Structures are given as C-alpha cells and as structure tokens.
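Shown next: target.tsv, given as TSV, C-alpha atoms.
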```tsv
chain	number	residue	atom	x	y	z
A	1	MET	CA	-6.45	-6.33	-31.74
A	2	GLY	CA	-4.78	-8.20	-34.62
A	3	LEU	CA	-4.74	-11.93	-35.08
A	4	ALA	CA	-1.05	-12.16	-34.22
A	5	ASN	CA	-1.77	-10.30	-31.02
A	6	ILE	CA	-4.56	-12.68	-30.13
A	7	MET	CA	-2.43	-15.70	-30.97
A	8	SER	CA	0.55	-14.64	-28.91
A	9	ARG	CA	-1.70	-13.65	-26.05
A	10	PHE	CA	-3.40	-17.02	-26.31
A	11	PHE	CA	-0.10	-18.82	-25.99
A	12	GLY	CA	1.01	-16.71	-23.09
A	13	ARG	CA	3.88	-14.62	-24.45
A	14	GLU	CA	2.52	-11.69	-22.53
A	15	GLU	CA	5.71	-9.64	-22.28
A	16	GLU	CA	5.89	-9.40	-26.06
A	17	VAL	CA	2.38	-8.07	-26.42
A	18	ASN	CA	1.74	-4.37	-26.23
A	19	THR	CA	-1.11	-4.65	-23.75
A	20	SER	CA	-1.92	-1.62	-21.62
A	21	LYS	CA	-0.82	-3.59	-18.57
A	22	ASN	CA	2.65	-4.13	-19.99
A	23	GLU	CA	2.84	-0.44	-20.78
A	24	ALA	CA	1.86	0.32	-17.19
A	25	LYS	CA	4.61	-1.94	-15.83
A	26	LYS	CA	7.24	-0.46	-18.12
A	27	ARG	CA	6.34	3.11	-17.19
A	28	LEU	CA	6.18	2.26	-13.50
A	29	ARG	CA	9.62	0.66	-13.48
A	30	LEU	CA	11.13	3.78	-15.04
A	31	VAL	CA	9.40	6.21	-12.76
A	32	LEU	CA	10.38	4.19	-9.69
A	33	VAL	CA	14.07	4.31	-10.61
A	34	HIS	CA	13.83	8.06	-10.21
A	35	ASP	CA	11.55	8.02	-7.17
A	36	ARG	CA	13.77	5.62	-5.28
A	37	LEU	CA	16.86	7.70	-6.01
A	38	ASP	CA	15.16	10.76	-4.62
A	39	ILE	CA	15.04	8.98	-1.31
A	40	SER	CA	18.74	8.05	-1.13
A	41	GLU	CA	20.95	10.85	-2.33
A	42	SER	CA	23.79	9.42	-0.30
A	43	MET	CA	23.98	6.52	-2.75
A	44	MET	CA	24.74	8.92	-5.61
A	45	GLU	CA	27.46	10.53	-3.48
A	46	ASN	CA	29.02	7.13	-2.75
A	47	LEU	CA	28.92	6.25	-6.43
A	48	ARG	CA	30.62	9.52	-7.30
A	49	GLU	CA	33.41	8.89	-4.79
A	50	ASP	CA	33.94	5.32	-5.99
A	51	LEU	CA	34.09	6.51	-9.60
A	52	ILE	CA	36.76	9.07	-8.74
A	53	ALA	CA	38.79	6.45	-6.88
A	54	THR	CA	38.60	3.91	-9.72
A	55	ILE	CA	39.25	6.26	-12.63
A	56	GLY	CA	41.92	8.07	-10.62
A	57	LYS	CA	44.07	4.93	-10.80
A	58	TYR	CA	44.41	5.41	-14.58
A	59	MET	CA	43.95	9.11	-15.25
A	60	GLU	CA	44.11	12.44	-13.58
A	61	ILE	CA	40.60	13.88	-13.64
A	62	ASP	CA	39.04	17.22	-12.77
A	63	GLN	CA	37.13	16.23	-9.67
A	64	ASP	CA	35.33	19.55	-9.29
A	65	ALA	CA	33.92	19.43	-12.80
A	66	LEU	CA	32.88	15.78	-12.55
A	67	ASP	CA	29.18	15.34	-13.18
A	68	VAL	CA	27.25	12.11	-12.58
A	69	THR	CA	23.49	12.04	-13.14
A	70	LEU	CA	20.69	9.71	-14.08
A	71	SER	CA	18.84	10.77	-17.15
A	72	ARG	CA	15.73	9.47	-18.77
A	73	GLU	CA	16.09	8.10	-22.28
A	74	ASP	CA	13.32	6.92	-24.57
A	75	GLU	CA	13.64	3.29	-23.61
A	76	GLY	CA	15.10	3.47	-20.12
A	77	VAL	CA	17.20	5.29	-17.62
A	78	ALA	CA	20.89	5.98	-18.26
A	79	LEU	CA	23.70	6.79	-15.87
A	80	VAL	CA	25.51	9.68	-17.53
A	81	ALA	CA	28.97	10.60	-16.29
A	82	ASN	CA	30.83	13.60	-17.64
A	83	ILE	CA	34.42	13.30	-16.44
A	84	PRO	CA	36.97	15.85	-17.71
A	85	VAL	CA	40.39	14.19	-18.10
A	86	LEU	CA	43.41	16.37	-17.29
A	87	ASN	CA	46.18	13.87	-17.87
A	88	VAL	CA	46.56	10.16	-18.61
A	89	LYS	CA	49.02	8.22	-16.50
A	90	ARG	CA	51.89	6.51	-18.33
A	91	GLN	CA	51.61	2.74	-18.54
A	92	ALA	CA	54.03	1.04	-16.17
B	1	MET	CA	-0.17	-6.53	25.03
B	2	GLY	CA	-1.74	-5.88	21.64
B	3	LYS	CA	-0.39	-5.00	18.20
B	4	VAL	CA	-0.50	-1.52	16.67
B	5	ILE	CA	-0.96	-1.73	12.90
B	6	VAL	CA	-1.15	1.30	10.60
B	7	ILE	CA	-3.21	1.05	7.39
B	8	THR	CA	-1.71	3.38	4.82
B	9	SER	CA	-1.32	3.96	1.06
B	10	GLY	CA	0.04	7.36	0.11
B	11	LYS	CA	-2.59	7.92	-2.55
B	12	GLY	CA	-6.13	8.79	-1.52
B	13	GLY	CA	-9.20	6.84	-2.52
B	14	VAL	CA	-7.63	3.38	-2.75
B	15	GLY	CA	-9.57	1.90	0.17
B	16	LYS	CA	-7.68	2.57	3.42
B	17	THR	CA	-10.80	3.41	5.40
B	18	THR	CA	-12.82	0.56	3.88
B	19	THR	CA	-9.98	-1.83	4.71
B	20	THR	CA	-9.68	-0.54	8.28
B	21	ALA	CA	-13.43	-0.79	8.89
B	22	ASN	CA	-13.77	-4.30	7.47
B	23	VAL	CA	-10.59	-5.82	8.87
B	24	GLY	CA	-11.29	-4.28	12.28
B	25	THR	CA	-14.83	-5.65	12.28
B	26	ALA	CA	-13.65	-9.06	11.09
B	27	LEU	CA	-11.03	-9.24	13.86
B	28	ALA	CA	-13.75	-8.45	16.42
B	29	MET	CA	-15.87	-11.23	14.86
B	30	LEU	CA	-12.96	-13.56	15.62
B	31	GLY	CA	-13.34	-12.59	19.27
B	32	LYS	CA	-10.47	-10.11	19.41
B	33	LYS	CA	-10.71	-6.83	21.27
B	34	VAL	CA	-10.20	-4.16	18.60
B	35	VAL	CA	-9.97	-0.37	18.44
B	36	MET	CA	-9.84	1.55	15.17
B	37	VAL	CA	-8.29	5.02	15.30
B	38	ASP	CA	-9.16	7.56	12.60
B	39	THR	CA	-6.17	9.91	12.28
B	40	ASP	CA	-7.49	11.91	9.33
B	41	ILE	CA	-8.08	15.12	11.28
B	42	GLY	CA	-10.42	17.45	9.41
B	43	LEU	CA	-11.56	14.78	6.95
B	44	ARG	CA	-12.89	12.00	9.17
B	45	ASN	CA	-14.75	9.17	7.45
B	46	LEU	CA	-14.25	5.94	9.36
B	47	ASP	CA	-17.30	6.88	11.47
B	48	VAL	CA	-19.66	7.02	8.45
B	49	VAL	CA	-18.25	3.86	6.87
B	50	LEU	CA	-19.01	2.09	10.16
B	51	GLY	CA	-22.42	3.76	10.58
B	52	LEU	CA	-21.37	5.31	13.91
B	53	GLU	CA	-21.48	8.98	12.93
B	54	ASN	CA	-24.38	9.81	15.27
B	55	ARG	CA	-22.61	8.58	18.38
B	56	ILE	CA	-19.61	10.87	18.43
B	57	VAL	CA	-19.25	13.08	21.50
B	58	TYR	CA	-15.50	13.33	22.00
B	59	ASP	CA	-12.69	12.74	19.50
B	60	LEU	CA	-9.00	11.93	19.13
B	61	VAL	CA	-7.87	15.49	19.88
B	62	ASP	CA	-10.06	15.65	23.02
B	63	ALA	CA	-8.58	12.38	24.25
B	64	VAL	CA	-4.98	13.40	23.55
B	65	ARG	CA	-5.37	16.83	25.16
B	66	GLY	CA	-7.15	15.52	28.22
B	67	ASN	CA	-10.49	17.26	27.51
B	68	CYS	CA	-11.99	13.87	28.34
B	69	ARG	CA	-10.83	10.50	29.58
B	70	LEU	CA	-9.65	8.14	26.83
B	71	LYS	CA	-12.50	5.72	27.59
B	72	GLN	CA	-15.09	8.48	27.06
B	73	ALA	CA	-13.85	9.11	23.51
B	74	LEU	CA	-14.09	5.43	22.49
B	75	ILE	CA	-17.32	4.62	20.67
B	76	LYS	CA	-18.62	1.11	21.09
B	77	ASP	CA	-19.82	-0.57	17.89
B	78	LYS	CA	-23.59	-1.15	17.79
B	79	ARG	CA	-23.43	-4.65	16.24
B	80	ILE	CA	-20.49	-6.46	17.72
B	81	GLU	CA	-18.80	-6.82	21.10
B	82	ASN	CA	-15.22	-5.74	21.65
B	83	LEU	CA	-15.11	-3.32	18.70
B	84	PHE	CA	-14.39	0.37	19.31
B	85	LEU	CA	-13.77	3.51	17.27
B	86	LEU	CA	-11.70	6.53	18.25
B	87	PRO	CA	-12.94	9.14	15.76
B	88	ALA	CA	-10.81	11.93	14.27
B	89	ALA	CA	-11.59	15.54	15.11
B	90	GLN	CA	-13.48	17.21	12.28
B	91	THR	CA	-13.15	20.90	13.10
B	92	LYS	CA	-9.68	21.19	14.60
B	93	ASP	CA	-6.41	21.99	12.93
B	94	LYS	CA	-4.57	18.96	11.59
B	95	THR	CA	-1.47	19.89	13.57
B	96	ALA	CA	-3.47	19.58	16.81
B	97	VAL	CA	-1.75	16.28	17.66
B	98	SER	CA	2.00	15.62	17.81
B	99	THR	CA	3.86	12.41	16.98
B	100	ASP	CA	4.85	12.01	20.65
B	101	GLN	CA	1.21	12.27	21.70
B	102	MET	CA	0.20	9.68	19.11
B	103	ALA	CA	2.93	7.27	20.24
B	104	GLU	CA	1.80	7.69	23.84
B	105	LEU	CA	-1.84	7.11	22.87
B	106	CYS	CA	-0.95	3.89	21.04
B	107	GLU	CA	1.01	2.65	24.07
B	108	LYS	CA	-2.09	3.14	26.24
B	109	LEU	CA	-4.46	1.53	23.75
B	110	LYS	CA	-2.39	-1.60	23.24
B	111	GLU	CA	-2.53	-2.34	26.96
B	112	GLU	CA	-6.32	-2.64	26.61
B	113	PHE	CA	-6.78	-4.06	23.11
B	114	ASP	CA	-5.53	-7.03	21.07
B	115	PHE	CA	-5.44	-4.94	17.90
B	116	VAL	CA	-5.06	-1.18	17.46
B	117	LEU	CA	-5.74	-0.32	13.80
B	118	ILE	CA	-4.63	3.15	12.72
B	119	ASP	CA	-6.45	4.54	9.67
B	120	CYS	CA	-3.89	6.85	8.04
B	121	PRO	CA	-4.76	9.92	5.98
B	122	ALA	CA	-3.60	10.25	2.35
B	123	GLY	CA	-0.28	11.97	1.77
B	124	ILE	CA	3.16	11.82	3.38
B	125	GLU	CA	3.03	14.92	5.56
B	126	HIS	CA	2.06	15.57	9.17
B	127	GLY	CA	-0.93	13.22	9.21
B	128	PHE	CA	1.11	10.31	7.88
B	129	LYS	CA	3.90	10.90	10.40
B	130	ASN	CA	1.35	10.96	13.23
B	131	ALA	CA	-0.36	7.81	12.00
B	132	ILE	CA	2.86	5.79	11.92
B	133	ALA	CA	4.32	7.26	15.14
B	134	GLY	CA	3.00	4.53	17.42
B	135	ALA	CA	2.77	1.69	14.89
B	136	GLU	CA	4.89	-1.46	14.91
B	137	GLU	CA	3.50	-2.99	11.74
B	138	ALA	CA	2.03	-1.61	8.53
B	139	VAL	CA	-0.52	-2.69	5.95
B	140	VAL	CA	-0.09	-0.87	2.63
B	141	VAL	CA	-3.22	-0.72	0.48
B	142	THR	CA	-2.91	-0.26	-3.27
B	143	THR	CA	-4.99	-0.72	-6.42
B	144	PRO	CA	-3.75	-2.03	-9.80
B	145	GLU	CA	-3.13	1.47	-11.15
B	146	VAL	CA	0.16	3.16	-11.98
B	147	SER	CA	-0.47	6.09	-9.62
B	148	ALA	CA	-1.45	3.93	-6.64
B	149	VAL	CA	1.48	1.52	-7.07
B	150	ARG	CA	3.92	4.40	-7.42
B	151	ASP	CA	2.67	5.98	-4.19
B	152	ALA	CA	2.75	2.60	-2.43
B	153	ASP	CA	6.43	2.28	-3.37
B	154	ARG	CA	7.15	5.69	-1.87
B	155	ILE	CA	5.24	4.82	1.31
B	156	ILE	CA	7.10	1.52	1.68
B	157	GLY	CA	10.39	3.48	1.49
B	158	LEU	CA	9.22	5.97	4.12
B	159	LEU	CA	7.94	3.19	6.41
B	160	GLU	CA	11.28	1.40	6.19
B	161	ALA	CA	13.13	4.64	6.92
B	162	ALA	CA	10.93	4.99	10.02
B	163	GLY	CA	11.84	1.50	11.22
B	164	ILE	CA	8.68	-0.34	10.11
B	165	THR	CA	10.66	-2.77	8.01
B	166	ALA	CA	8.28	-5.44	6.76
B	167	PRO	CA	5.06	-3.82	5.54
B	168	VAL	CA	2.52	-6.18	3.96
B	169	LEU	CA	0.39	-5.42	0.92
B	170	VAL	CA	-3.35	-5.48	0.23
B	171	VAL	CA	-4.21	-5.25	-3.46
B	172	ASN	CA	-7.69	-3.76	-3.62
B	173	ARG	CA	-10.18	-3.54	-6.50
B	174	ILE	CA	-8.78	-6.29	-8.70
B	175	ARG	CA	-10.96	-6.91	-11.77
B	176	THR	CA	-10.31	-10.46	-12.93
B	177	ASN	CA	-11.65	-9.98	-16.46
B	178	MET	CA	-9.38	-6.98	-17.07
B	179	VAL	CA	-6.35	-8.84	-15.71
B	180	LYS	CA	-7.16	-11.71	-18.09
B	181	SER	CA	-7.40	-9.41	-21.11
B	182	GLY	CA	-4.06	-7.80	-20.28
B	183	ASP	CA	-5.54	-4.42	-19.39
B	184	MET	CA	-4.90	-4.51	-15.66
B	185	MET	CA	-1.75	-5.32	-13.73
B	186	SER	CA	-2.05	-8.62	-11.89
B	187	VAL	CA	-1.18	-9.15	-8.23
B	188	GLU	CA	2.04	-10.87	-9.38
B	189	ASP	CA	2.98	-7.84	-11.50
B	190	ILE	CA	2.50	-5.53	-8.52
B	191	LEU	CA	4.42	-7.78	-6.11
B	192	ASP	CA	7.21	-8.02	-8.67
B	193	ILE	CA	7.53	-4.22	-8.71
B	194	LEU	CA	7.08	-3.50	-5.01
B	195	ALA	CA	8.95	-6.52	-3.55
B	196	VAL	CA	6.87	-6.89	-0.37
B	197	ASP	CA	4.82	-9.74	1.09
B	198	LEU	CA	1.17	-10.08	0.16
B	199	LEU	CA	-1.48	-9.95	2.90
B	200	GLY	CA	-4.55	-10.23	0.69
B	201	ILE	CA	-6.41	-9.52	-2.54
B	202	VAL	CA	-9.80	-7.81	-2.59
B	203	PRO	CA	-11.95	-8.01	-5.73
B	204	ASP	CA	-13.65	-4.91	-7.13
B	205	ASP	CA	-17.29	-5.38	-6.25
B	206	ASP	CA	-20.57	-3.43	-6.05
B	207	ALA	CA	-21.03	-4.80	-2.54
B	208	ILE	CA	-18.56	-2.22	-1.22
B	209	VAL	CA	-20.59	0.74	-2.50
B	210	ILE	CA	-23.78	-0.74	-1.09
B	211	SER	CA	-22.25	-1.50	2.30
B	212	THR	CA	-20.77	2.00	2.53
B	213	ASN	CA	-24.16	3.53	1.63
B	214	ARG	CA	-25.68	1.67	4.55
B	215	GLY	CA	-22.81	2.06	7.02
B	216	GLU	CA	-22.62	-1.73	7.39
B	217	PRO	CA	-19.19	-3.30	6.83
B	218	THR	CA	-19.38	-5.92	4.07
B	219	VAL	CA	-17.75	-8.59	6.29
B	220	PHE	CA	-21.18	-9.11	7.88
B	221	ASP	CA	-22.52	-10.34	4.52
B	222	ASP	CA	-21.76	-14.03	4.02
B	223	ASN	CA	-22.33	-13.76	0.26
B	224	SER	CA	-20.00	-10.81	-0.31
B	225	ARG	CA	-16.75	-11.63	-2.17
B	226	PRO	CA	-14.85	-8.63	-0.79
B	227	GLY	CA	-16.35	-9.54	2.60
B	228	LEU	CA	-14.72	-12.98	2.42
B	229	ALA	CA	-11.45	-11.39	1.29
B	230	PHE	CA	-11.44	-9.03	4.28
B	231	ARG	CA	-12.34	-11.82	6.72
B	232	ASN	CA	-9.40	-13.82	5.37
B	233	ILE	CA	-7.09	-10.82	5.78
B	234	ALA	CA	-8.19	-10.53	9.42
B	235	ARG	CA	-7.43	-14.22	10.03
B	236	ARG	CA	-3.96	-13.81	8.50
B	237	LEU	CA	-3.27	-10.78	10.73
B	238	ASP	CA	-4.26	-13.00	13.63
B	239	GLY	CA	-1.52	-15.44	12.60
B	240	GLU	CA	-3.61	-18.04	10.79
B	241	ASN	CA	-2.36	-19.48	7.49
B	242	VAL	CA	-5.29	-18.89	5.10
B	243	PRO	CA	-4.90	-19.61	1.38
B	244	LEU	CA	-5.79	-16.81	-1.06
B	245	ILE	CA	-9.35	-16.97	-2.36
B	246	SER	CA	-9.48	-18.00	-5.95
B	247	LEU	CA	-10.25	-15.16	-8.31
B	248	GLU	CA	-10.12	-17.66	-11.13
B	249	GLU	CA	-13.59	-19.12	-10.93
B	250	LYS	CA	-15.14	-16.75	-13.46
B	251	GLN	CA	-12.45	-17.03	-16.12
B	252	GLY	CA	-14.52	-19.16	-18.52
B	253	PHE	CA	-13.53	-21.51	-21.33
B	254	TRP	CA	-10.78	-19.45	-23.00
B	255	GLY	CA	-9.05	-18.70	-19.74
B	256	ARG	CA	-8.97	-22.38	-18.81
B	257	LEU	CA	-7.68	-23.32	-22.26
B	258	LYS	CA	-4.86	-20.78	-22.02
B	259	HIS	CA	-4.08	-22.00	-18.53
B	260	MET	CA	-3.78	-25.52	-19.92
B	261	PHE	CA	-1.28	-24.40	-22.56
B	262	LYS	CA	0.74	-22.39	-20.07
B	263	SER	CA	1.11	-25.21	-17.58
B	264	GLU	CA	2.89	-27.39	-20.18
```

Could you spell out this file's structure in structure tokens?
Amino acid sequence: MGLANIMSRFFGREEEVNTSKNEAKKRLRLVLVHDRLDISESMMENLREDLIATIGKYMEIDQDALDVTLSREDEGVALVANIPVLNVKRQA
Amino acid sequence: MGKVIVITSGKGGVGKTTTTANVGTALAMLGKKVVMVDTDIGLRNLDVVLGLENRIVYDLVDAVRGNCRLKQALIKDKRIENLFLLPAAQTKDKTAVSTDQMAELCEKLKEEFDFVLIDCPAGIEHGFKNAIAGAEEAVVVTTPEVSAVRDADRIIGLLEAAGITAPVLVVNRIRTNMVKSGDMMSVEDILDILAVDLLGIVPDDDAIVISTNRGEPTVFDDNSRPGLAFRNIARRLDGENVPLISLEEKQGFWGRLKHMFKSE
C-alpha cells in the first residue's frame, strides 16, 4: 500500500481507493443488474414497446428486426438498441 | 396466534442453522413458546447444532404424512422450557413434502406457539419453496462476501414475488478489523446494495465453532459476543427496540483518529 493510498484512506475518501471492498461492491452492482433483469423479463418487453412507440413518432422502423439488450462493458452495463430505420418522416 | 418466520439465505454455509438455533433459543429464554422446524430434508443439521440428535424418533415427514401425531414428532429442548424442535427427515426423498402440506403444518403450529422458526435449506428449488410456503415473514442471512450478497439479493426477489414483501437482514461473520482496513464490505455497504431493513449484525467469533462442537447454543454464554448479538436479534423479533451492539470498541487509536476527522 502506497503512502498516497494510506493518506487518502486516513482521510476517509474510501470510494477513491482501490481497496478489495470497493472492488467487491463494484462487481456486485454490475452482476446484480443482470441478475435482477433475469427476474423481470416483462420489463424488457415494456421497454421495447415504449421505444417503438416513441421512435415511431419520428421514423418508420423495422419492428421485427429491432433488438434491445443489456450488454456488459468494461466499466458498466450498457443498454444497446439496434433499430433499423426504414424511412424518416418529413418535418411538419 | 403466533408468527411463522422463515430463515433463509440462498447460499449455503452462511449461518442459517446457527441463526435459527440461537434466535429460537433466545426467544424461549424471553419466555416465548418456540418451535424450530428443520426443512432441509436429507441434510438435517439443526438437531446437532442444538445437541438434540439423540432424541429423534419421528420427523417432519412422519408428522406431515400422519405416521405419528404432530406432538410426538416435537422434541423438547433439554435446557429450556417452551423450546421445541421438529427435525427434518434424513433418509427420505426431498420431495416427500408438498408446499400445501407445509402451509398446513405451519397453520397448526402457530396455534400452539408464539414463534415458528423455519430453517430453510440452501438453494432456490423445492426445499426453498416448501420452507417459505407457510411463512409470513422472512429473515435473510448473509455474510460480507460477494457470493453471499448476490444470493441474498436473488432470495429477496423470490420472497417478494411470493408475497413476503419486507424481509429483514442479518449480516453474519463481520470482522471489524477487515472492515476498517477496507478489505471487507461493511454493513452499510451491504444495506446500500440490498435495500432492505437490518435486523442484526453478528461478529465472526470462535465462540460459534466451540458452541457448535458442544451442541450448546452460544446465547447461553453471557460472555459470547455473537451470543449477545443473537439475543438482541430475538428481542427485536419480539418487537423490542434494541440498539445495535457496538462493533467499534476494538478499533484502536488510528480508527478513533480517522473517526474524528470524518465527523468534521
């Protein structure tokens, strides 16, 4: 443990220190995002329907090819939506 | 009419059985009439933790199937009045009991007892579903480890889906020195992640191993730190407002100095 580490730990900036506990919390938070989604698939379905409704106001999209998933990135979890656009509506 | 409380965790080895044995005993010490039900069919252990393994004649499956009267299957504790154990079957198939039968059993027991404590097996399958079938409240036991907290989160979700909406948490095996050095999640960290109410904190202590070796719950020992923690948990379950025991007393000079800076 370096001096800077000791100093910042001493003054209580725990979140900035790479302690094993902070690593545990970070990993847990990520893993729970996935675990909790496994339990409620209906939420993903609702999200998908809301996305179609919102985007549909501006563009014509290919609803069958629409793909919405959560994917794990290095530093977090990302909501990735792949939405093929068929036509853009003319501005009124 | 008594309360039916399931003690569960998802992950094995975090202290469900130890918690059941000690909290049950402590409730009986408060004068409550208590029965502890071991639902871990095929892997029973509550009997040995309580030192009652030599007294078993009938078990849970016998009682549910009518091979004996319910009263015959209840084992009276050898040290304290009003404390009973309904042991799990050791040699029968784990599907020997249905959720309906468990719910019916709990209904009968709560007419007789102030507290019915259900010791749940590890996992989320048949045994878990049986254990929660007749329960109105739940105590989730976890330890400050990633795997145990993850499983606790899953269990809390499943309990809520089953209508047990406000489970309370016991954080077991806290090591104060490791929390201080930043190498163990604190109780606050765990509560932050799981978002449930705290029922109690139990320190990691050699007294548990010794008491399990002897089959004597540690709540009988006035000098045991986990014993005090479990007695406090029992009082809280009984509706008393008991402050958390301080785990701070051994933090030493540096800990106090840091605390001073932080409270600015």

**OP:** Rank A:Val85, A:Leu66, A:Ala24, A:Val77 by their smallest atom-to-atom distance to chain B, using only C-alpha atoms, and report the top residue only.
**Re:**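 With only C-alpha atoms as the atom set, the closest residue is A:Ala24.
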
**OP:** For each of B:Val242, B:Ala161, B:Val57, B:Val34, take the minimum atom-to-atom distance to chain A, counting all atoms listed in the file, then give the residue where this is smallest.
**Re:**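 Closest candidate: B:Ala161.
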
I'd like the contact shell of B:Gln90 - 10 Å cut-off, all atoms listed in the file, skipping same-chain residues fewer than 4 positions apart - returned as a compact mmCIF listing (two decimals) with C-alpha atoms, keeping the file's coordinate frame.
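result14.txt was written with the following content:
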```txt
# COMPACT_ATOMS: atom_id res chain seq x y z
CA ASP B 40 -7.49 11.91 9.33
CA ILE B 41 -8.08 15.12 11.28
CA GLY B 42 -10.42 17.45 9.41
CA LEU B 43 -11.56 14.78 6.95
CA ARG B 44 -12.89 12.00 9.17
CA ASN B 45 -14.75 9.17 7.45
CA ASP B 59 -12.69 12.74 19.50
CA LEU B 60 -9.00 11.93 19.13
CA VAL B 61 -7.87 15.49 19.88
CA LYS B 94 -4.57 18.96 11.59
```

For B:Phe230, list every protein, DNA or RNA residue within 9 Å, evaluated using all atoms listed in the file, and leave out those in the same chain fewer than 2 positions away; present the list as a PDB file with C-alpha atoms, in the coordinates of the input.
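So the final result, stored in selection05.pdb, reads:
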```
ATOM      1  CA  THR B  19      -9.980  -1.830   4.710  1.00  0.00           C
ATOM      2  CA  ASN B  22     -13.770  -4.300   7.470  1.00  0.00           C
ATOM      3  CA  VAL B  23     -10.590  -5.820   8.870  1.00  0.00           C
ATOM      4  CA  ALA B  26     -13.650  -9.060  11.090  1.00  0.00           C
ATOM      5  CA  GLY B 200      -4.550 -10.230   0.690  1.00  0.00           C
ATOM      6  CA  ILE B 201      -6.410  -9.520  -2.540  1.00  0.00           C
ATOM      7  CA  VAL B 202      -9.800  -7.810  -2.590  1.00  0.00           C
ATOM      8  CA  THR B 218     -19.380  -5.920   4.070  1.00  0.00           C
ATOM      9  CA  VAL B 219     -17.750  -8.590   6.290  1.00  0.00           C
ATOM     10  CA  ARG B 225     -16.750 -11.630  -2.170  1.00  0.00           C
ATOM     11  CA  PRO B 226     -14.850  -8.630  -0.790  1.00  0.00           C
ATOM     12  CA  GLY B 227     -16.350  -9.540   2.600  1.00  0.00           C
ATOM     13  CA  LEU B 228     -14.720 -12.980   2.420  1.00  0.00           C
ATOM     14  CA  ASN B 232      -9.400 -13.820   5.370  1.00  0.00           C
ATOM     15  CA  ILE B 233      -7.090 -10.820   5.780  1.00  0.00           C
ATOM     16  CA  ALA B 234      -8.190 -10.530   9.420  1.00  0.00           C
ATOM     17  CA  ARG B 235      -7.430 -14.220  10.030  1.00  0.00           C
TER      18      ARG B 235
END
```

**OP:** Mind checking which residues fall within 12 Å of A:Gln91, counting all atoms listed in the file, ignoring those fewer than 4 positions away in the same chain, and posting them as an MDAnalysis selection string?
**Re:** chainID A and resid 57:59

Original post:
What's the 12 Å shell around B:Arg55, counting all atoms listed in the file, without same-chain residues fewer than 2 positions away, as a count of residues only?
Top reply: 20

**OP:** Would you mind reading off the distance between atom CA of A:Ser71 and atom CA of A:Thr19, one decimal, in Å?
**Re:**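 Those two atoms sit 26.1 Å apart.
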
Original post:
Quick one: which residues from chain B are at most 6 Å off chain A, using only C-alpha atoms, as number ranges by chain?
Top reply: B: 182-185, 258

I need the chosen residues saved as a CSV table (one decimal), in the frame of the given file, with C-alpha atoms.
```csv
chain,number,residue,atom,x,y,z
B,182,GLY,CA,-4.1,-7.8,-20.3
B,183,ASP,CA,-5.5,-4.4,-19.4
B,184,MET,CA,-4.9,-4.5,-15.7
B,185,MET,CA,-1.8,-5.3,-13.7
B,258,LYS,CA,-4.9,-20.8,-22.0
```

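Of note, atom CA of B:Ile164 and atom CA of B:Leu194 are spaced 15.5 Å apart.
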
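One finds atom CA of B:Thr18 at 10.1 Å from atom CA of B:Val209.
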
Within 10 Å of B:Phe113, counting all atoms listed in the file, which residues show up once you throw out same-chain ones fewer than 3 positions away? Write them as a compact mmCIF listing (two decimals) with C-alpha atoms, in the frame of the given file, please.
```
# COMPACT_ATOMS: atom_id res chain seq x y z
CA MET B 1 -0.17 -6.53 25.03
CA GLY B 2 -1.74 -5.88 21.64
CA LYS B 3 -0.39 -5.00 18.20
CA VAL B 4 -0.50 -1.52 16.67
CA LYS B 32 -10.47 -10.11 19.41
CA LYS B 33 -10.71 -6.83 21.27
CA VAL B 34 -10.20 -4.16 18.60
CA VAL B 35 -9.97 -0.37 18.44
CA ASN B 82 -15.22 -5.74 21.65
CA LEU B 83 -15.11 -3.32 18.70
CA PHE B 84 -14.39 0.37 19.31
CA LYS B 108 -2.09 3.14 26.24
CA LEU B 109 -4.46 1.53 23.75
CA LYS B 110 -2.39 -1.60 23.24
CA VAL B 116 -5.06 -1.18 17.46
```

Dig up all the protein and nucleic acid residues within 9 Å of (1.8, -4.8, 2.4) in the file frame, using only C-alpha atoms, and format them as a compact mmCIF listing (two decimals) with C-alpha atoms, keeping the file's coordinate frame.
```txt
# COMPACT_ATOMS: atom_id res chain seq x y z
CA ALA B 138 2.03 -1.61 8.53
CA VAL B 139 -0.52 -2.69 5.95
CA VAL B 140 -0.09 -0.87 2.63
CA VAL B 141 -3.22 -0.72 0.48
CA THR B 142 -2.91 -0.26 -3.27
CA ALA B 152 2.75 2.60 -2.43
CA ILE B 156 7.10 1.52 1.68
CA ALA B 166 8.28 -5.44 6.76
CA PRO B 167 5.06 -3.82 5.54
CA VAL B 168 2.52 -6.18 3.96
CA LEU B 169 0.39 -5.42 0.92
CA VAL B 170 -3.35 -5.48 0.23
CA VAL B 171 -4.21 -5.25 -3.46
CA VAL B 196 6.87 -6.89 -0.37
CA ASP B 197 4.82 -9.74 1.09
CA LEU B 198 1.17 -10.08 0.16
CA LEU B 199 -1.48 -9.95 2.90
CA GLY B 200 -4.55 -10.23 0.69
```

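For the residues B:Leu191, B:Leu244, B:Ala207, B:Ala148, ranking by smallest atom-to-atom distance to B:Val14 using all atoms listed in the file places B:Ala148 first.
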